[in-house]
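For reference, the structure discussed in these notes is given below.
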Amino acid sequence: MLETRYRAARALPLGPLPRPASTGSGVSVRPAGAEARFSLRARLGTRALSDEVDTGSSKESAAQQRLRDASRPNVVGRSSSAVPKLAGLALDAPINTVGTAGEVWLARLGPDEWLVGGSEADADLLQGRIHEALAGLPHSLVDVSHRNVGIDVAGAQAAAVLNAGCPLDLSEAAFPPGRATRTLLGKAEIVLIRATDAPLYRVECWRSFSTYVHGFLNEAVFGVEGSAAH
Amino acid sequence: MTGHTVVGSKGRKRVTGLIVAPVGSDGRCGGRRILPCDCVGMSGGWTPAVHLFSQSRGKLRYDDAIDAFVPNISAQAERSAGAARGAYDLAACVNDGFAAGAAAAGSDERQEVRATPTLTGFQPVRIMPTDANPTKVRAFVDYQNDVTAKDIKLAVREGFQSIEHVKRYTTTGMATDQGKTSNMNALGIVAGQLDKALPAVGTTTFRPPYTPVTFGALVGPARHALFDPIRTTPIHEWAQAHGALFENVALWRRAWYFPKAGEDLHEAVARECKAVREGVGIFDASTLGKIEIVGRDAAEFMNRLYINPWTKLAPGRCRYGLMLKEDGYILDDGVVARVSDECFHVTTTTGGAARVLAHMEDYLQTEWPELEVFLTSTTEQWAVIALQGPKARAVIAPLVDGIDLSPEAFPHMAMRTGTICGVPTRLFRVSFTGELGFEINVPADHARAVWEAVFEAGRAHGITPYGTETMHVLRAEKGYIIVGQETDGTVTPDDVGMAGMIPKAKGDFVGKRSLARPDVVASGRKQLVGLMTDDPGLVLDEGAQIVADTAQPIPMRMLGHVTSSYWSANCGRSIALALVEGGRERMNGHLHVTTPDGFTRVTVCEPVFFDVQGERINA
């Protein structure tokens, strides 16, 4: 459904504009500006709806077909060249990876779950492109632009700052560019995304946890940098 | 003093001397001498501290030669060296350390360090010989938990022969040193009493930490503002600026009431309650859980999870949904709107949001993977501005675009999409107060601006912000239940008078079978009723017990308890809801409720106190 243009600018929970917060010589923690985000759920392995014929007995067989297909989540129902792609990014990329194309990022968090981000100005366009990419496949696309908040952690010490509250191994070998996963930061659930070679991480969390997550990261910067930075 | 033993000590509250005696080869103790002293140092010999090794899940072996347990098979990339594995002599210790480091680095290099030989190699002493009465002597084995040799021997006599049982019966080895000073002695005593070799008695598991850790290290950053996430809504700062006091609901801070100057809780709530029913009130309901349920089988999924039917609910209509667990008891509730044929906007209680989503995903993934439906949490995508009272429509009419607000076009329990102040909205016409009401769902980042616009527009109508306390009172006046207040995980739909929501022809749903269980269909179950005190000014205590006859002997037969109780300014008297055995058959009867001073008499009534016919909600 298309959103109408609105007059009021978004009041982001961590402030109106992207601003640098704690900055030491090794790391910066900066809330992201207003972006568009969508939560995409889809089953890649199921048949196109148009292929099913609705007769009296087919209702049961359609469910049985879906039950069979549901147990093979990575089998594409159509020919292998028809893998759904969004902005050139394949939806059947491995779980816990992220691909980027310009301002669009596509993170696969589970067998049937993706988090999609893009610029706010192009939100309607992005929504349309996602529906197009998934035409024929059962899916759900929910706007969560206001549910999620982004914080960028960047710099040589970025991994150390994150490790103050995240137990994952963030070394190059274990968390190379192109990784994304749902995880914990302190007592908050986050999605951690590392899109590029640079030591730059995007932390995504829910709105009401953003004050805590931002505060936690700032405290961690202090811990990593020590009093020398202040 | 070779060949002597300690048989006792002198002093009260501090040591003043040790009583020593020589020990003969026959084990008998000779004449006593007192050694004056103010401090006693004791040592039973050496034993390696294998705690870190054991915490790494390595396996120990018993070394007869030194009468100690030493590291044997490593479980992790670990090596023990020196005294940690029984090499006590200084030179041996240092050389062993070098060898272990070299081996870890993959080198054959060794070194030979010489040092003055350390005095080692004596057999450990477990317990000092004594001729005193063994049942009276207090020889301490574990100094931290004050466990004596007598205690350990008692444990074994009582039948606790496994070292794990002895440990738990006596608490030896359970203190912060995890038996570093006590374990070998305790094992030796047990082995001696059971006449077993020491290794056969075994060891217990050493708990971390190896050495006491400061609270600061454990707490880390989790203090003050970072102790727990404090979840706040987009309206939070506005509420703070307008004098709200807050209460905690799960991890959320919610505005509790908005006292004006000089008002206490009761005065503020009484004013807020009247203001809502007489004019219009504005309330932040953003914390309620929301789930977007999308897919071809969305209605079927809903049918299986709620007691209600959903197939025929038209897009744009709402229904109050009740969700049960497998055991037939109420899990959660909430108003659900059908957005389209394949889309439902589900709401849950604030505290139940995560639980309900997990419950839904669990069934979807493990029981019904063939259903084509997807779930997404939207709790924080939508903020909810509740507007309740006869003037609610008048307040928002000038702000809303694209929605016909007239009662004919927009009846109670409906949802429409459009814009409010230019912001896209899902506008629900629902009410938790029994008044004409709307719940304005807007994307969270726009909520503050919309709230302020609504408040401004409402000034002319005397709009009053109200908090959770007033919300609780108003819904109780209408008899609307709150899951977790009227329910406690053992309450069925029929108990709260909602059995009628289940159509006879309804297919299977979670909990359906359990509703036919003998104890669920039995008579005498506790049922929701209203209570009116003889003294209208007396407010019952929530949780107060209810009896039929105050003259009965103690222990009295309790029939139920008060679940909600408030002063109602709108009714001009106190009101209460309660769960009472066979409640519905006791209408107009009298019962007695406990008070701090005794009992007070109440009349059982229908659980609704205001606008009994329910006309105001259809304004």
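Ligands are numbered from 1 in the order shown, chains are lettered A, B, ... in the order of the structure tokens, and residues start at 1 in each chain.
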
Next on the checklist: Within 8 Å of chain A, which residues belong to chain B? Use only C-alpha atoms and report them as a PyMOL selection string.
Outcome noted: chain B and resi 221+225-226+228-234+292+294-295+369-372+374-376+378-382+421-424+443-446+448-449

Item to check | Polymer residues at most 10 Å from Gly110 of chain A, only C-alpha atoms, same-chain spacing of 2 or more positions, as number ranges by chain | outcome: A: 41, 94-97, 107-108, 112-115, 181-182

Dump N, CA and C atoms for the selected residues as a compact mmCIF listing (two decimals), in the first residue's frame?
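Final output, result39.txt:
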```
# COMPACT_ATOMS: atom_id res chain seq x y z
N ARG A 41 9.14 -11.46 4.98
CA ARG A 41 9.04 -12.89 5.25
C ARG A 41 8.60 -13.54 3.94
N PRO A 94 23.21 -16.91 1.45
CA PRO A 94 23.24 -17.68 2.69
C PRO A 94 22.66 -16.89 3.86
N ILE A 95 22.13 -17.63 4.83
CA ILE A 95 21.57 -17.00 6.03
C ILE A 95 22.70 -16.29 6.78
N ASN A 96 22.39 -15.17 7.38
CA ASN A 96 23.34 -14.34 8.14
C ASN A 96 24.35 -13.64 7.22
N THR A 97 23.91 -13.34 5.99
CA THR A 97 24.75 -12.50 5.14
C THR A 97 23.95 -11.28 4.72
N ALA A 107 19.55 -7.99 4.29
CA ALA A 107 20.18 -8.90 5.25
C ALA A 107 19.27 -10.10 5.45
N ARG A 108 19.82 -11.28 5.22
CA ARG A 108 19.01 -12.50 5.43
C ARG A 108 19.26 -12.99 6.85
N ASP A 112 13.45 -17.79 6.29
CA ASP A 112 12.36 -17.10 5.64
C ASP A 112 12.22 -15.65 6.11
N GLU A 113 13.33 -15.06 6.52
CA GLU A 113 13.25 -13.70 7.06
C GLU A 113 14.40 -12.83 6.56
N TRP A 114 14.05 -11.64 6.07
CA TRP A 114 15.05 -10.67 5.63
C TRP A 114 14.72 -9.32 6.26
N LEU A 115 15.76 -8.52 6.50
CA LEU A 115 15.58 -7.13 6.90
C LEU A 115 16.14 -6.31 5.75
N THR A 181 23.66 -10.61 11.48
CA THR A 181 23.01 -11.58 12.34
C THR A 181 22.23 -10.90 13.45
N ARG A 182 21.22 -11.57 13.93
CA ARG A 182 20.51 -11.16 15.13
C ARG A 182 21.38 -11.61 16.29
```

Checklist entry - Hey, what does DSSP flag as strand (DSSP E) within segment 200-417 of chain B? Can you give it to me as a PyMOL selection string? => result chain B and resi 245-249+252-257+281-284+289-294+318-324+330-340+343-348+374-377+382-388+400-401+414-417

Checklist entry - Which residues, written as a list of chain:residue names, have at least one atom at most 12 Å from Thr211 of chain B, with only C-alpha atoms counted and residues fewer than 4 positions away on the same chain left out? => result B:Ala49, B:His51, B:Leu52, B:Ala175, B:Thr176, B:Asp177, B:Gln178, B:Gly179, B:Lys180, B:Phe206, B:Arg207

Checklist entry - Hey, what's within 7 Å of segment 329-342 of chain B if we count only C-alpha atoms and toss same-chain stuff fewer than 3 positions away? As a ChimeraX atom specification, please? => result /B:294-296,298,313-325,345-349,352,415,483,489-493

Item to check | Close residues, Glu35 of chain A itself excluded, 7 Å, only C-alpha atoms, min 5 positions apart in chain, as a list in words | outcome: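 Answer for this query is Gly118, Ser119, Glu120 and Ser145 of chain A.
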
Checklist entry - So what do you get for atom CA of Ala158 of chain A versus atom CA of Ala36 of chain A, distance-wise? => result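 Going from atom CA of Ala158 of chain A over to atom CA of Ala36 of chain A, I get 24.6 Å.
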
List the spatial neighbours of Glu469 of chain B as a PDB file with N, CA and C atoms, in the first residue's frame - criterion: any atom at most 9 Å away, only C-alpha atoms, same-chain residues fewer than 6 positions off excluded.
```pdb
ATOM      1  N   ALA B 255       3.032   6.264  31.906  1.00  0.00           N
ATOM      2  CA  ALA B 255       2.455   7.362  32.693  1.00  0.00           C
ATOM      3  C   ALA B 255       1.333   6.799  33.552  1.00  0.00           C
ATOM      4  N   TRP B 256       1.433   7.022  34.846  1.00  0.00           N
ATOM      5  CA  TRP B 256       0.531   6.410  35.819  1.00  0.00           C
ATOM      6  C   TRP B 256      -0.634   7.343  36.125  1.00  0.00           C
ATOM      7  N   TYR B 257      -0.331   8.591  36.405  1.00  0.00           N
ATOM      8  CA  TYR B 257      -1.377   9.607  36.547  1.00  0.00           C
ATOM      9  C   TYR B 257      -0.744  10.980  36.395  1.00  0.00           C
ATOM     10  N   LEU B 265      -2.651  10.916  44.511  1.00  0.00           N
ATOM     11  CA  LEU B 265      -3.071   9.898  43.530  1.00  0.00           C
ATOM     12  C   LEU B 265      -4.586   9.838  43.422  1.00  0.00           C
ATOM     13  N   VAL B 269      -6.736  10.806  40.105  1.00  0.00           N
ATOM     14  CA  VAL B 269      -7.440   9.742  39.383  1.00  0.00           C
ATOM     15  C   VAL B 269      -8.935  10.016  39.341  1.00  0.00           C
TER      16      VAL B 269
END
```

Item to check | Long-range neighbours of Arg79 of chain B as a count of residues only, 10 Å cut-off, only C-alpha atoms, 6 positions minimum in chain | outcome: 10

Checklist entry - In Å, with one decimal, what is the gap from atom CA of Asp142 of chain B to atom CA of Arg12 of chain B? => result 20.4 Å

Item to check | Nearest to Ala123 of chain A, chosen from A:Leu86, A:Gly136, A:His214, A:Val104, with only C-alpha atoms counted in the distances | outcome: A:Val104

Would you please extract all helix (DSSP H, G or I) residues from segment 156-238 of chain B, as assigned by DSSP on the backbone, and give them as a PDB file with N, CA and C atoms, in the first residue's frame?
```pdb
ATOM      1  N   VAL B 156      28.908 -39.377  57.164  1.00  0.00           N
ATOM      2  CA  VAL B 156      29.154 -40.749  56.692  1.00  0.00           C
ATOM      3  C   VAL B 156      28.329 -41.742  57.503  1.00  0.00           C
ATOM      4  N   ARG B 157      28.241 -41.501  58.825  1.00  0.00           N
ATOM      5  CA  ARG B 157      27.433 -42.411  59.669  1.00  0.00           C
ATOM      6  C   ARG B 157      25.971 -42.347  59.257  1.00  0.00           C
ATOM      7  N   ILE B 163      30.936 -38.574  48.011  1.00  0.00           N
ATOM      8  CA  ILE B 163      31.529 -37.296  48.396  1.00  0.00           C
ATOM      9  C   ILE B 163      30.603 -36.131  48.022  1.00  0.00           C
ATOM     10  N   GLU B 164      29.792 -36.326  46.964  1.00  0.00           N
ATOM     11  CA  GLU B 164      28.841 -35.266  46.576  1.00  0.00           C
ATOM     12  C   GLU B 164      27.821 -35.065  47.691  1.00  0.00           C
ATOM     13  N   HIS B 165      27.399 -36.168  48.305  1.00  0.00           N
ATOM     14  CA  HIS B 165      26.417 -36.060  49.384  1.00  0.00           C
ATOM     15  C   HIS B 165      27.045 -35.464  50.630  1.00  0.00           C
ATOM     16  N   VAL B 166      28.284 -35.904  50.927  1.00  0.00           N
ATOM     17  CA  VAL B 166      28.959 -35.365  52.112  1.00  0.00           C
ATOM     18  C   VAL B 166      29.107 -33.858  51.961  1.00  0.00           C
ATOM     19  N   LYS B 167      29.494 -33.432  50.752  1.00  0.00           N
ATOM     20  CA  LYS B 167      29.670 -31.995  50.499  1.00  0.00           C
ATOM     21  C   LYS B 167      28.379 -31.245  50.802  1.00  0.00           C
ATOM     22  N   ARG B 168      27.259 -31.759  50.298  1.00  0.00           N
ATOM     23  CA  ARG B 168      26.010 -31.028  50.460  1.00  0.00           C
ATOM     24  C   ARG B 168      25.451 -31.137  51.868  1.00  0.00           C
ATOM     25  N   TYR B 169      25.712 -32.263  52.518  1.00  0.00           N
ATOM     26  CA  TYR B 169      25.204 -32.440  53.883  1.00  0.00           C
ATOM     27  C   TYR B 169      25.964 -31.553  54.860  1.00  0.00           C
ATOM     28  N   THR B 170      27.268 -31.386  54.634  1.00  0.00           N
ATOM     29  CA  THR B 170      28.087 -30.636  55.575  1.00  0.00           C
ATOM     30  C   THR B 170      28.442 -29.228  55.085  1.00  0.00           C
ATOM     31  N   ASN B 183      39.396 -29.706  50.932  1.00  0.00           N
ATOM     32  CA  ASN B 183      38.934 -30.901  50.217  1.00  0.00           C
ATOM     33  C   ASN B 183      39.711 -32.163  50.528  1.00  0.00           C
ATOM     34  N   MET B 184      41.048 -32.083  50.467  1.00  0.00           N
ATOM     35  CA  MET B 184      41.845 -33.294  50.660  1.00  0.00           C
ATOM     36  C   MET B 184      41.621 -33.852  52.064  1.00  0.00           C
ATOM     37  N   ASN B 185      41.538 -32.951  53.033  1.00  0.00           N
ATOM     38  CA  ASN B 185      41.318 -33.429  54.404  1.00  0.00           C
ATOM     39  C   ASN B 185      39.946 -34.085  54.530  1.00  0.00           C
ATOM     40  N   ALA B 186      38.959 -33.466  53.924  1.00  0.00           N
ATOM     41  CA  ALA B 186      37.614 -34.055  53.981  1.00  0.00           C
ATOM     42  C   ALA B 186      37.591 -35.418  53.305  1.00  0.00           C
ATOM     43  N   LEU B 187      38.202 -35.495  52.134  1.00  0.00           N
ATOM     44  CA  LEU B 187      38.261 -36.778  51.408  1.00  0.00           C
ATOM     45  C   LEU B 187      38.969 -37.835  52.249  1.00  0.00           C
ATOM     46  N   GLY B 188      40.070 -37.395  52.877  1.00  0.00           N
ATOM     47  CA  GLY B 188      40.840 -38.346  53.685  1.00  0.00           C
ATOM     48  C   GLY B 188      40.016 -38.892  54.840  1.00  0.00           C
ATOM     49  N   ILE B 189      39.244 -38.021  55.463  1.00  0.00           N
ATOM     50  CA  ILE B 189      38.426 -38.463  56.601  1.00  0.00           C
ATOM     51  C   ILE B 189      37.366 -39.446  56.118  1.00  0.00           C
ATOM     52  N   VAL B 190      36.715 -39.112  54.993  1.00  0.00           N
ATOM     53  CA  VAL B 190      35.666 -39.998  54.462  1.00  0.00           C
ATOM     54  C   VAL B 190      36.268 -41.342  54.061  1.00  0.00           C
ATOM     55  N   ALA B 191      37.428 -41.274  53.372  1.00  0.00           N
ATOM     56  CA  ALA B 191      38.068 -42.516  52.924  1.00  0.00           C
ATOM     57  C   ALA B 191      38.431 -43.388  54.113  1.00  0.00           C
ATOM     58  N   GLY B 192      38.954 -42.713  55.150  1.00  0.00           N
ATOM     59  CA  GLY B 192      39.332 -43.468  56.340  1.00  0.00           C
ATOM     60  C   GLY B 192      38.143 -44.140  56.988  1.00  0.00           C
ATOM     61  N   GLN B 193      37.056 -43.423  57.054  1.00  0.00           N
ATOM     62  CA  GLN B 193      35.877 -43.972  57.717  1.00  0.00           C
ATOM     63  C   GLN B 193      35.253 -45.102  56.909  1.00  0.00           C
ATOM     64  N   LEU B 194      35.311 -44.978  55.575  1.00  0.00           N
ATOM     65  CA  LEU B 194      34.722 -46.023  54.720  1.00  0.00           C
ATOM     66  C   LEU B 194      35.716 -47.124  54.433  1.00  0.00           C
ATOM     67  N   LEU B 198      41.623 -43.378  48.874  1.00  0.00           N
ATOM     68  CA  LEU B 198      41.128 -42.012  48.681  1.00  0.00           C
ATOM     69  C   LEU B 198      40.579 -41.754  47.289  1.00  0.00           C
ATOM     70  N   PRO B 199      41.261 -42.164  46.210  1.00  0.00           N
ATOM     71  CA  PRO B 199      40.726 -41.876  44.867  1.00  0.00           C
ATOM     72  C   PRO B 199      39.357 -42.504  44.630  1.00  0.00           C
ATOM     73  N   ALA B 200      39.056 -43.573  45.354  1.00  0.00           N
ATOM     74  CA  ALA B 200      37.757 -44.217  45.152  1.00  0.00           C
ATOM     75  C   ALA B 200      36.623 -43.355  45.683  1.00  0.00           C
ATOM     76  N   VAL B 201      36.948 -42.452  46.591  1.00  0.00           N
ATOM     77  CA  VAL B 201      35.899 -41.581  47.123  1.00  0.00           C
ATOM     78  C   VAL B 201      35.538 -40.497  46.103  1.00  0.00           C
ATOM     79  N   PHE B 215      32.375  -7.279  42.483  1.00  0.00           N
ATOM     80  CA  PHE B 215      31.071  -7.021  41.904  1.00  0.00           C
ATOM     81  C   PHE B 215      31.198  -6.122  40.686  1.00  0.00           C
ATOM     82  N   GLY B 216      32.136  -5.202  40.729  1.00  0.00           N
ATOM     83  CA  GLY B 216      32.327  -4.305  39.598  1.00  0.00           C
ATOM     84  C   GLY B 216      32.633  -5.051  38.318  1.00  0.00           C
ATOM     85  N   ALA B 217      33.478  -6.074  38.417  1.00  0.00           N
ATOM     86  CA  ALA B 217      33.817  -6.833  37.214  1.00  0.00           C
ATOM     87  C   ALA B 217      32.594  -7.571  36.676  1.00  0.00           C
ATOM     88  N   LEU B 218      31.738  -8.058  37.584  1.00  0.00           N
ATOM     89  CA  LEU B 218      30.554  -8.784  37.138  1.00  0.00           C
ATOM     90  C   LEU B 218      29.491  -7.829  36.609  1.00  0.00           C
ATOM     91  N   VAL B 219      29.370  -6.695  37.261  1.00  0.00           N
ATOM     92  CA  VAL B 219      28.331  -5.748  36.873  1.00  0.00           C
ATOM     93  C   VAL B 219      28.676  -5.097  35.542  1.00  0.00           C
ATOM     94  N   HIS B 224      23.069   2.058  37.063  1.00  0.00           N
ATOM     95  CA  HIS B 224      22.345   3.318  36.812  1.00  0.00           C
ATOM     96  C   HIS B 224      21.489   3.185  35.561  1.00  0.00           C
ATOM     97  N   ALA B 225      21.613   4.089  34.632  1.00  0.00           N
ATOM     98  CA  ALA B 225      20.732   4.083  33.464  1.00  0.00           C
ATOM     99  C   ALA B 225      20.911   2.822  32.621  1.00  0.00           C
ATOM    100  N   LEU B 226      22.048   2.159  32.737  1.00  0.00           N
ATOM    101  CA  LEU B 226      22.280   0.979  31.906  1.00  0.00           C
ATOM    102  C   LEU B 226      22.016  -0.314  32.663  1.00  0.00           C
ATOM    103  N   HIS B 236       6.679   9.898  25.899  1.00  0.00           N
ATOM    104  CA  HIS B 236       7.225   9.922  27.260  1.00  0.00           C
ATOM    105  C   HIS B 236       7.617  11.322  27.724  1.00  0.00           C
ATOM    106  N   GLU B 237       8.367  12.018  26.892  1.00  0.00           N
ATOM    107  CA  GLU B 237       8.861  13.338  27.315  1.00  0.00           C
ATOM    108  C   GLU B 237       7.721  14.342  27.455  1.00  0.00           C
ATOM    109  N   TRP B 238       6.707  14.216  26.606  1.00  0.00           N
ATOM    110  CA  TRP B 238       5.550  15.096  26.755  1.00  0.00           C
ATOM    111  C   TRP B 238       4.904  14.833  28.101  1.00  0.00           C
TER     112      TRP B 238
END
```
